[in-house]
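Enquirer: Structure supplied as protein28.pdb; contents: PDB, C-alpha atoms, pLDDT in the B column.
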```
MODEL        1
ATOM      1  CA  MET S1031     -27.806  53.174  79.160  1.00 54.00           C
ATOM      2  CA  PRO S1032     -24.931  53.011  76.745  1.00 58.00           C
ATOM      3  CA  ASP S1033     -25.553  52.916  73.044  1.00 58.00           C
ATOM      4  CA  MET S1034     -26.098  49.310  72.031  1.00 55.00           C
ATOM      5  CA  ARG S1035     -24.195  49.693  68.817  1.00 59.00           C
ATOM      6  CA  ILE S1036     -20.988  50.585  70.632  1.00 56.00           C
ATOM      7  CA  VAL S1037     -21.331  47.670  73.045  1.00 56.00           C
ATOM      8  CA  VAL S1038     -21.556  45.195  70.152  1.00 57.00           C
ATOM      9  CA  ALA S1039     -18.962  46.885  67.944  1.00 59.00           C
ATOM     10  CA  VAL S1040     -16.124  46.945  70.485  1.00 62.00           C
ATOM     11  CA  PRO S1041     -15.925  43.158  70.981  1.00 64.00           C
ATOM     12  CA  LEU S1042     -16.132  42.679  67.234  1.00 58.00           C
ATOM     13  CA  LEU S1043     -13.222  45.044  66.686  1.00 61.00           C
ATOM     14  CA  LEU S1044     -11.174  43.244  69.313  1.00 63.00           C
ATOM     15  CA  LEU S1045     -11.986  39.854  67.797  1.00 61.00           C
ATOM     16  CA  THR S1046     -11.086  41.025  64.304  1.00 62.00           C
ATOM     17  CA  ALA S1047      -7.787  42.459  65.499  1.00 60.00           C
ATOM     18  CA  ALA S1048      -6.891  39.236  67.298  1.00 61.00           C
ATOM     19  CA  CYS S1049      -7.547  37.047  64.202  1.00 61.00           C
ATOM     20  CA  SER S1050      -5.700  39.106  61.636  1.00 61.00           C
ATOM     21  CA  THR S1051      -1.941  39.134  61.211  1.00 62.00           C
ATOM     22  CA  PRO S1052      -0.318  42.477  61.423  1.00 62.00           C
ATOM     23  CA  PRO S1053       1.310  43.827  58.266  1.00 61.00           C
ATOM     24  CA  PRO S1054       5.085  43.386  58.150  1.00 63.00           C
ATOM     25  CA  ALA S1055       7.033  46.268  59.493  1.00 62.00           C
ATOM     26  CA  THR S1056       8.691  48.315  56.835  1.00 58.00           C
ATOM     27  CA  THR S1057      11.794  50.324  57.166  1.00 57.00           C
ATOM     28  CA  SER S1058      12.964  53.146  55.034  1.00 55.00           C
ATOM     29  CA  THR S1059      15.469  50.835  53.283  1.00 58.00           C
ATOM     30  CA  ASP S1060      12.770  48.463  52.100  1.00 58.00           C
ATOM     31  CA  THR S1061      11.752  48.915  48.516  1.00 63.00           C
ATOM     32  CA  PRO S1062       8.098  48.575  47.846  1.00 64.00           C
ATOM     33  CA  GLN S1063       7.189  45.395  45.992  1.00 67.00           C
ATOM     34  CA  PRO S1064       4.477  45.328  43.385  1.00 64.00           C
ATOM     35  CA  PRO S1065       1.350  43.627  44.586  1.00 65.00           C
ATOM     36  CA  ALA S1066       1.213  39.910  43.914  1.00 64.00           C
ATOM     37  CA  THR S1067      -1.102  39.001  41.109  1.00 62.00           C
ATOM     38  CA  THR S1068      -2.442  35.737  39.941  1.00 65.00           C
ATOM     39  CA  ALA S1069      -1.405  35.608  36.332  1.00 61.00           C
ATOM     40  CA  ALA S1070      -2.840  33.250  33.794  1.00 64.00           C
ATOM     41  CA  PRO S1071      -0.355  30.542  32.790  1.00 65.00           C
ATOM     42  CA  LEU S1072       1.815  31.517  29.879  1.00 64.00           C
ATOM     43  CA  GLN S1073       0.700  29.946  26.700  1.00 65.00           C
ATOM     44  CA  THR S1074       3.508  29.343  24.320  1.00 64.00           C
ATOM     45  CA  THR S1075       3.378  27.898  20.902  1.00 64.00           C
ATOM     46  CA  PRO S1076       6.183  25.518  20.145  1.00 62.00           C
ATOM     47  CA  ALA S1077       8.784  26.966  17.873  1.00 62.00           C
ATOM     48  CA  ALA S1078       8.997  25.432  14.464  1.00 64.00           C
ATOM     49  CA  ALA S1079      10.730  22.196  15.169  1.00 63.00           C
ATOM     50  CA  THR S1080      13.935  21.779  13.317  1.00 75.00           C
ATOM     51  CA  THR S1081      13.923  18.167  12.361  1.00 78.00           C
ATOM     52  CA  ILE S1082      17.017  16.527  11.101  1.00 80.00           C
ATOM     53  CA  PRO S1083      16.076  13.872   8.599  1.00 78.00           C
ATOM     54  CA  PRO S1084      17.300  10.444   9.535  1.00 80.00           C
ATOM     55  CA  ALA S1085      20.473   9.490   7.831  1.00 77.00           C
ATOM     56  CA  ALA S1086      19.824   7.463   4.739  1.00 76.00           C
ATOM     57  CA  PRO S1087      20.805   3.883   5.275  1.00 79.00           C
ATOM     58  CA  ALA S1088      24.179   3.156   3.819  1.00 83.00           C
ATOM     59  CA  VAL S1089      23.905   1.695   0.367  1.00 85.00           C
ATOM     60  CA  LYS S1090      25.407  -1.759   0.179  1.00 93.00           C
ATOM     61  CA  THR S1091      27.731  -1.934  -2.789  1.00 95.00           C
ATOM     62  CA  CYS S1092      29.004  -4.871  -4.789  1.00 96.00           C
ATOM     63  CA  THR S1093      31.779  -5.239  -7.323  1.00 97.00           C
ATOM     64  CA  VAL S1094      30.547  -6.601 -10.641  1.00 98.00           C
ATOM     65  CA  PRO S1095      32.460  -9.718 -11.727  1.00 98.00           C
ATOM     66  CA  ASN S1096      33.387 -10.484 -15.327  1.00 98.00           C
ATOM     67  CA  VAL S1097      31.050 -13.247 -16.539  1.00 98.00           C
ATOM     68  CA  VAL S1098      31.410 -12.818 -20.315  1.00 98.00           C
ATOM     69  CA  GLY S1099      32.340 -16.162 -21.901  1.00 97.00           C
ATOM     70  CA  LEU S1100      30.929 -18.250 -19.022  1.00 97.00           C
ATOM     71  CA  ILE S1101      28.099 -20.786 -19.301  1.00 97.00           C
ATOM     72  CA  HIS S1102      24.977 -18.779 -18.441  1.00 97.00           C
ATOM     73  CA  GLN S1103      24.234 -20.792 -15.273  1.00 96.00           C
ATOM     74  CA  THR S1104      27.801 -20.215 -14.036  1.00 97.00           C
ATOM     75  CA  ALA S1105      27.496 -16.508 -14.906  1.00 97.00           C
ATOM     76  CA  GLN S1106      24.341 -16.234 -12.777  1.00 97.00           C
ATOM     77  CA  ASP S1107      25.952 -18.119  -9.885  1.00 97.00           C
ATOM     78  CA  THR S1108      29.026 -15.860 -10.050  1.00 98.00           C
ATOM     79  CA  MET S1109      26.882 -12.704  -9.969  1.00 97.00           C
ATOM     80  CA  GLN S1110      24.930 -13.999  -6.986  1.00 97.00           C
ATOM     81  CA  LYS S1111      28.123 -14.881  -5.090  1.00 98.00           C
ATOM     82  CA  ALA S1112      29.146 -11.234  -5.596  1.00 97.00           C
ATOM     83  CA  GLY S1113      25.837 -10.143  -3.971  1.00 97.00           C
ATOM     84  CA  LEU S1114      24.041  -9.234  -7.204  1.00 97.00           C
ATOM     85  CA  PHE S1115      20.624 -10.861  -7.409  1.00 97.00           C
ATOM     86  CA  PHE S1116      18.599  -8.521  -9.655  1.00 97.00           C
ATOM     87  CA  LEU S1117      19.526 -10.313 -12.875  1.00 97.00           C
ATOM     88  CA  THR S1118      17.684 -10.372 -16.170  1.00 96.00           C
ATOM     89  CA  GLU S1119      18.578 -12.257 -19.318  1.00 96.00           C
ATOM     90  CA  GLU S1120      18.038 -12.054 -23.045  1.00 96.00           C
ATOM     91  CA  ASP S1121      18.771 -13.992 -26.209  1.00 96.00           C
ATOM     92  CA  ALA S1122      21.741 -12.120 -27.718  1.00 96.00           C
ATOM     93  CA  SER S1123      20.814 -13.328 -31.224  1.00 93.00           C
ATOM     94  CA  GLY S1124      17.711 -11.138 -31.227  1.00 93.00           C
ATOM     95  CA  GLN S1125      15.412 -14.125 -31.857  1.00 94.00           C
ATOM     96  CA  GLY S1126      13.693 -13.599 -28.486  1.00 93.00           C
ATOM     97  CA  ARG S1127      14.150 -17.174 -27.329  1.00 93.00           C
ATOM     98  CA  LEU S1128      13.810 -17.961 -23.628  1.00 93.00           C
ATOM     99  CA  LEU S1129      16.857 -19.258 -21.826  1.00 91.00           C
ATOM    100  CA  ILE S1130      15.159 -22.386 -20.489  1.00 89.00           C
ATOM    101  CA  ASN S1131      18.207 -24.563 -19.868  1.00 91.00           C
ATOM    102  CA  ASP S1132      20.873 -22.102 -18.679  1.00 90.00           C
ATOM    103  CA  ARG S1133      23.620 -24.676 -19.208  1.00 92.00           C
ATOM    104  CA  ASN S1134      23.008 -24.587 -22.990  1.00 95.00           C
ATOM    105  CA  TRP S1135      23.779 -20.853 -23.241  1.00 96.00           C
ATOM    106  CA  LYS S1136      27.012 -18.866 -23.130  1.00 97.00           C
ATOM    107  CA  THR S1137      27.081 -15.303 -21.747  1.00 97.00           C
ATOM    108  CA  THR S1138      28.263 -12.842 -24.391  1.00 97.00           C
ATOM    109  CA  LYS S1139      27.567  -9.479 -22.762  1.00 97.00           C
ATOM    110  CA  GLN S1140      26.744  -7.916 -19.385  1.00 98.00           C
ATOM    111  CA  SER S1141      25.115  -4.516 -18.857  1.00 97.00           C
ATOM    112  CA  ALA S1142      27.383  -3.455 -15.967  1.00 96.00           C
ATOM    113  CA  ALA S1143      31.088  -3.458 -16.743  1.00 97.00           C
ATOM    114  CA  ALA S1144      33.306  -5.896 -14.867  1.00 97.00           C
ATOM    115  CA  GLY S1145      35.052  -4.299 -11.876  1.00 97.00           C
ATOM    116  CA  THR S1146      32.424  -1.586 -11.500  1.00 96.00           C
ATOM    117  CA  VAL S1147      31.213  -0.965  -7.944  1.00 96.00           C
ATOM    118  CA  VAL S1148      27.435  -0.679  -7.944  1.00 97.00           C
ATOM    119  CA  ASP S1149      24.512  -0.685  -5.522  1.00 96.00           C
ATOM    120  CA  CYS S1150      23.816  -4.376  -4.875  1.00 96.00           C
ATOM    121  CA  ASN S1151      20.205  -3.785  -5.998  1.00 96.00           C
ATOM    122  CA  THR S1152      21.294  -2.721  -9.487  1.00 96.00           C
ATOM    123  CA  LYS S1153      19.525  -4.486 -12.333  1.00 97.00           C
ATOM    124  CA  ILE S1154      22.025  -6.314 -14.512  1.00 97.00           C
ATOM    125  CA  LEU S1155      21.163  -7.682 -17.943  1.00 97.00           C
ATOM    126  CA  LEU S1156      23.044 -10.760 -19.107  1.00 97.00           C
ATOM    127  CA  SER S1157      22.944 -11.480 -22.847  1.00 97.00           C
ATOM    128  CA  ALA S1158      23.648 -15.025 -23.987  1.00 97.00           C
ATOM    129  CA  GLU S1159      23.830 -17.091 -27.163  1.00 96.00           C
ATOM    130  CA  LYS S1160      22.617 -20.648 -27.467  1.00 95.00           C
ATOM    131  CA  ILE S1161      25.399 -23.211 -27.653  1.00 93.00           C
ATOM    132  CA  ALA S1162      25.094 -25.439 -30.733  1.00 80.00           C
ATOM    133  CA  ASP S1163      23.755 -28.903 -29.917  1.00 64.00           C
TER     134      ASP S1163
ENDMDL
END
```
What would you get if you wrote out this structure as structure tokens?

Expert:
Amino acid sequence: MPDMRIVVAVPLLLLTAACSTPPPATTSTDTPQPPATTAAPLQTTPAAATTIPPAAPAVKTCTVPNVVGLIHQTAQDTMQKAGLFFLTEEDASGQGRLLINDRNWKTTKQSAAAGTVVDCNTKILLSAEKIAD
């Protein structure tokens, strides 16, 4: 009786050979390739981002009108028509009176010179003297 191990091993060898794919044929001109490896994904850290700051919004400019000698209310209106709205006022006499009725005051001085081109948000001080009643 034949050895039982050989009887079982031969069909297994035949089955294994039938299920496996043969290795590719190599010729002498083929260059050996390194074995394929499963590499971990590359982890990169982002380079320091070069950020370009946003361009500053263009400054809106206004030309300062000459309001010296005008009734204070007219001086304010003229400044506002030129785009200048940040206006302050003072009593030019130094008495510290409030300019309640702007039509009773005459502008004697302005802090920004007439004809000057300034940022429209520039604070402008108008000095005025009370007109005699």

Enquirer: Neighbouring residues of Gln1110 of chain S were defined as those with any atom within 12 Å, considering only C-alpha atoms; residues of the same chain fewer than 2 positions away were excluded. Please report them as an mmCIF file with C-alpha atoms, keeping the file's coordinate frame.

Expert:
```
data_model
loop_
_atom_site.group_PDB
_atom_site.id
_atom_site.type_symbol
_atom_site.label_atom_id
_atom_site.label_comp_id
_atom_site.auth_asym_id
_atom_site.auth_seq_id
_atom_site.Cartn_x
_atom_site.Cartn_y
_atom_site.Cartn_z
ATOM 1 C CA CYS S 1092 29.004 -4.871 -4.789
ATOM 2 C CA THR S 1093 31.779 -5.239 -7.323
ATOM 3 C CA VAL S 1094 30.547 -6.601 -10.641
ATOM 4 C CA PRO S 1095 32.460 -9.718 -11.727
ATOM 5 C CA VAL S 1097 31.050 -13.247 -16.539
ATOM 6 C CA GLN S 1103 24.234 -20.792 -15.273
ATOM 7 C CA THR S 1104 27.801 -20.215 -14.036
ATOM 8 C CA ALA S 1105 27.496 -16.508 -14.906
ATOM 9 C CA GLN S 1106 24.341 -16.234 -12.777
ATOM 10 C CA ASP S 1107 25.952 -18.119 -9.885
ATOM 11 C CA THR S 1108 29.026 -15.860 -10.050
ATOM 12 C CA ALA S 1112 29.146 -11.234 -5.596
ATOM 13 C CA GLY S 1113 25.837 -10.143 -3.971
ATOM 14 C CA LEU S 1114 24.041 -9.234 -7.204
ATOM 15 C CA PHE S 1115 20.624 -10.861 -7.409
ATOM 16 C CA PHE S 1116 18.599 -8.521 -9.655
ATOM 17 C CA LEU S 1117 19.526 -10.313 -12.875
ATOM 18 C CA CYS S 1150 23.816 -4.376 -4.875
ATOM 19 C CA ASN S 1151 20.205 -3.785 -5.998
ATOM 20 C CA ILE S 1154 22.025 -6.314 -14.512
#
```

Enquirer: Check which residues satisfy the PyMOL selection byres ((chain S and resi 1120) around 9) in the file shown, then give them as a PDB file with C-alpha atoms, in the frame of the given file.

Expert:
```pdb
ATOM      1  CA  THR S1118      17.684 -10.372 -16.170  1.00 96.00           C
ATOM      2  CA  GLU S1119      18.578 -12.257 -19.318  1.00 96.00           C
ATOM      3  CA  ASP S1121      18.771 -13.992 -26.209  1.00 96.00           C
ATOM      4  CA  ALA S1122      21.741 -12.120 -27.718  1.00 96.00           C
ATOM      5  CA  SER S1123      20.814 -13.328 -31.224  1.00 93.00           C
ATOM      6  CA  GLY S1124      17.711 -11.138 -31.227  1.00 93.00           C
ATOM      7  CA  GLY S1126      13.693 -13.599 -28.486  1.00 93.00           C
ATOM      8  CA  ARG S1127      14.150 -17.174 -27.329  1.00 93.00           C
ATOM      9  CA  LEU S1128      13.810 -17.961 -23.628  1.00 93.00           C
ATOM     10  CA  LEU S1129      16.857 -19.258 -21.826  1.00 91.00           C
ATOM     11  CA  LEU S1155      21.163  -7.682 -17.943  1.00 97.00           C
ATOM     12  CA  LEU S1156      23.044 -10.760 -19.107  1.00 97.00           C
ATOM     13  CA  SER S1157      22.944 -11.480 -22.847  1.00 97.00           C
ATOM     14  CA  ALA S1158      23.648 -15.025 -23.987  1.00 97.00           C
ATOM     15  CA  GLU S1159      23.830 -17.091 -27.163  1.00 96.00           C
TER      16      GLU S1159
END
```

Enquirer: Which residue is closest to His1102 of chain S? Choose from S:Val1148, S:Thr1137, S:Thr1080, S:Lys1090 and count all atoms listed in the file.

Expert: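 Among S:Val1148, S:Thr1137, S:Thr1080, S:Lys1090, it is S:Thr1137 that comes nearest to His1102 of chain S.
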
Enquirer: Find the distance between atom CA of Lys1153 of chain S and atom CA of Gln1140 of chain S and write it in Å to one decimal.

Expert: 10.7 Å

Enquirer: Atom CA of Thr1146 of chain S and atom CA of Ile1130 of chain S are how many Å apart?

Expert: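 Going from atom CA of Thr1146 of chain S over to atom CA of Ile1130 of chain S covers 28.5 Å.
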
Enquirer: Can you pull out the residues contacting Ala1162 of chain S? Cut-off 10 Å, using all atoms listed in the file, and skip same-chain residues under 2 positions away; I want them as a list in words.

Expert: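 Skipping anything fewer than 2 positions along the chain leaves Asn1134, Trp1135, Glu1159 and Lys1160 of chain S.
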
Enquirer: Between S:Asn1131, S:Thr1081, S:Met1109, S:Asn1096, which residue has the minimum interatomic distance to Thr1152 of chain S, considering only C-alpha atoms?

Expert: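 The shortest atom-to-atom distance to Thr1152 of chain S comes from S:Met1109.
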
Enquirer: Report the distance between atom CA of Arg1133 of chain S and atom CA of Val1098 of chain S in Å, rounded to one decimal place.

Expert: 14.2 Å

Enquirer: Smallest atom-to-atom distance to Gly1145 of chain S: which of S:Gly1099, S:Asp1132, S:Gln1125, S:Thr1091, using all atoms listed in the file?

Expert: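 Nearest to Gly1145 of chain S: S:Thr1091.
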